Every structure is written in structure tokens, then in C-alpha cells.
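Since the structure comes first, as C-alpha cells, the remarks are kept for the end.
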Amino acid sequence: AQVTSINYFLSHNWCVSRMQKMLALTLHFYMDVALLLTFLLCVLIAALASLDVLPVVRYNFEQSTGQCPFAARAVAVPFFVVVMFSMQKIASWFKLDGPTVFLDKVCINQASVELQQQGIKKLGAFLRKSEKLIILYTDTYFTRLWTTYEVAGFLTTHSVKDVEVVHTFEAMLFFTELLAFYFFAISVPIITAF
């Protein structure tokens, strides 16, 4: 089918691992929805705890005391992560279309050299038809001629406001900190209970 517009053109370095790209894009596209759904879950848990349906953990930690529904501590982070990584599937259950994304390896034929060359020659048209450019940024991004060409080609027909920069390192850092926070949030009530 002929494409009349593309929501996002994804510009990236081939030297970045698939895992880093996937984490960065998942965070970019689905964090807001995952945060909202996790917040609603925590409100529900707090309401159930206030009705004594769920247990509340009391703790003393460095001269501060408090209480928190343990279920919120135990469930919130895993729920957030599951929602983030399942959002595309969840949207499909409700027949919601996600954004159209141009990814060179998928959208340009990789099996036939002739078709691959035709796709590469049409790269300017793909950039022109794209509403936004997402740059999966690393320290080596602008050392590659190809990625610099994509940015320059996009900016010939679009405003810099249409460029979104996603730092792949920040996504790795975010998920590492989230995991550390989760283990801390779970362990404090258990340790201080003794």
C-alpha cells in the first residue's frame, strides 16, 4: 500500500544494541500511559487498604515512621514495567492503532540489493512524508555520515520542533534505577519489621 504520511522516522546508529533501542523507544512511547495506570492502581490499593481489605505495613526508618500498603510497594513497579512492555499488545486488544514508524531495516528491503538501493534512493521521500524525526542518540550519533544525512534531510522540510531526541543511555539508567528503587522499597519494610 502507498503511504501518504508517516508519524515517526526513526534515526539510529547500527552500533547501538537492540535492547538499548527497545528500552529507549518503550520509555518514549509508553511511559505516560504506564505512569497513569500505575497511579490509578496505587489509588485503588490505598482505598482497599483504608477499608482494611489489604494489609498496611508500619515502619520506622532513620527516625521517621509511617505506613504504606505493602501491596502498593510490591505491585506498583512490576505493574508499571508490564504495562510499558505490553502497551502495544493492550492497544491491539482495543483495536487502537499505534503510530506509523519508519525503521530502515524493516521498511527498506534487505534481501534484494536492487530493491535495497531503490529504497535508499527514496529515503528523502520517506523523510519528507514523516511528521516527526526520532533520534536515538548516543555519543557516536553525529560521527556517522548516514545519521547526519537523515537529520539534515529532515530539517530541509521540517522545523527543529519536529525532532525528538531520545537518549539511549538515559533509558538504561532509568530502568536500572527503577530496579534499585523497587528492591529498596520492598526491603525497607521487611528489614525494619524486625
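Every chain in the C-alpha cells has a letter given in the order shown (A, B, ...), and although residue numbers restart at 1 in each chain, ligands are simply numbered from 1 in the order shown.
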
For A:Leu54, find every residue with an atom within 8 Å (counting only C-alpha atoms), except residues of its own chain fewer than 3 positions away, and show them as a ChimeraX atom specification.
/A:45,48-51,69,71

Looking at only C-alpha atoms, which of A:Arg144, A:Arg73, A:Lys132, A:His158 is the one that sits closest to A:Phe102?
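For A:Phe102, the nearest of the given residues is A:Lys132.
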
Name all residues at most 12 Å from stretch 79-85 of chain A (count only C-alpha atoms; drop same-chain ones fewer than 2 positions away) and give them as an NGL selection string.
:A and (22-42 or 71-77 or 87-91 or 174-175 or 178-179 or 182)

Based on DSSP run over this structure's backbone, return all residues of stretch 10-84 of chain A in strand (DSSP E), as a VMD selection string.
chain A and resid 10 to 11 56 to 61 64 to 69

Would you export the selected residues with C-alpha atoms as a PDB file, in the first residue's frame, please?
```pdb
ATOM      1  CA  LEU A  10      13.436   6.588  13.425  1.00  0.00           C
ATOM      2  CA  SER A  11      17.083   7.592  13.035  1.00  0.00           C
ATOM      3  CA  VAL A  56      -0.723  -1.920  55.846  1.00  0.00           C
ATOM      4  CA  VAL A  57       2.954  -2.092  56.809  1.00  0.00           C
ATOM      5  CA  ARG A  58       4.170   0.227  59.543  1.00  0.00           C
ATOM      6  CA  TYR A  59       7.836   1.066  59.523  1.00  0.00           C
ATOM      7  CA  ASN A  60      10.493   3.016  61.389  1.00  0.00           C
ATOM      8  CA  PHE A  61      13.419   4.140  59.308  1.00  0.00           C
ATOM      9  CA  SER A  64      10.829   8.538  60.621  1.00  0.00           C
ATOM     10  CA  THR A  65       7.771   6.401  60.930  1.00  0.00           C
ATOM     11  CA  GLY A  66       4.985   5.783  58.510  1.00  0.00           C
ATOM     12  CA  GLN A  67       2.680   3.302  56.990  1.00  0.00           C
ATOM     13  CA  CYS A  68       2.122   2.141  53.480  1.00  0.00           C
ATOM     14  CA  PRO A  69       0.031  -0.547  51.839  1.00  0.00           C
TER      15      PRO A  69
END
```
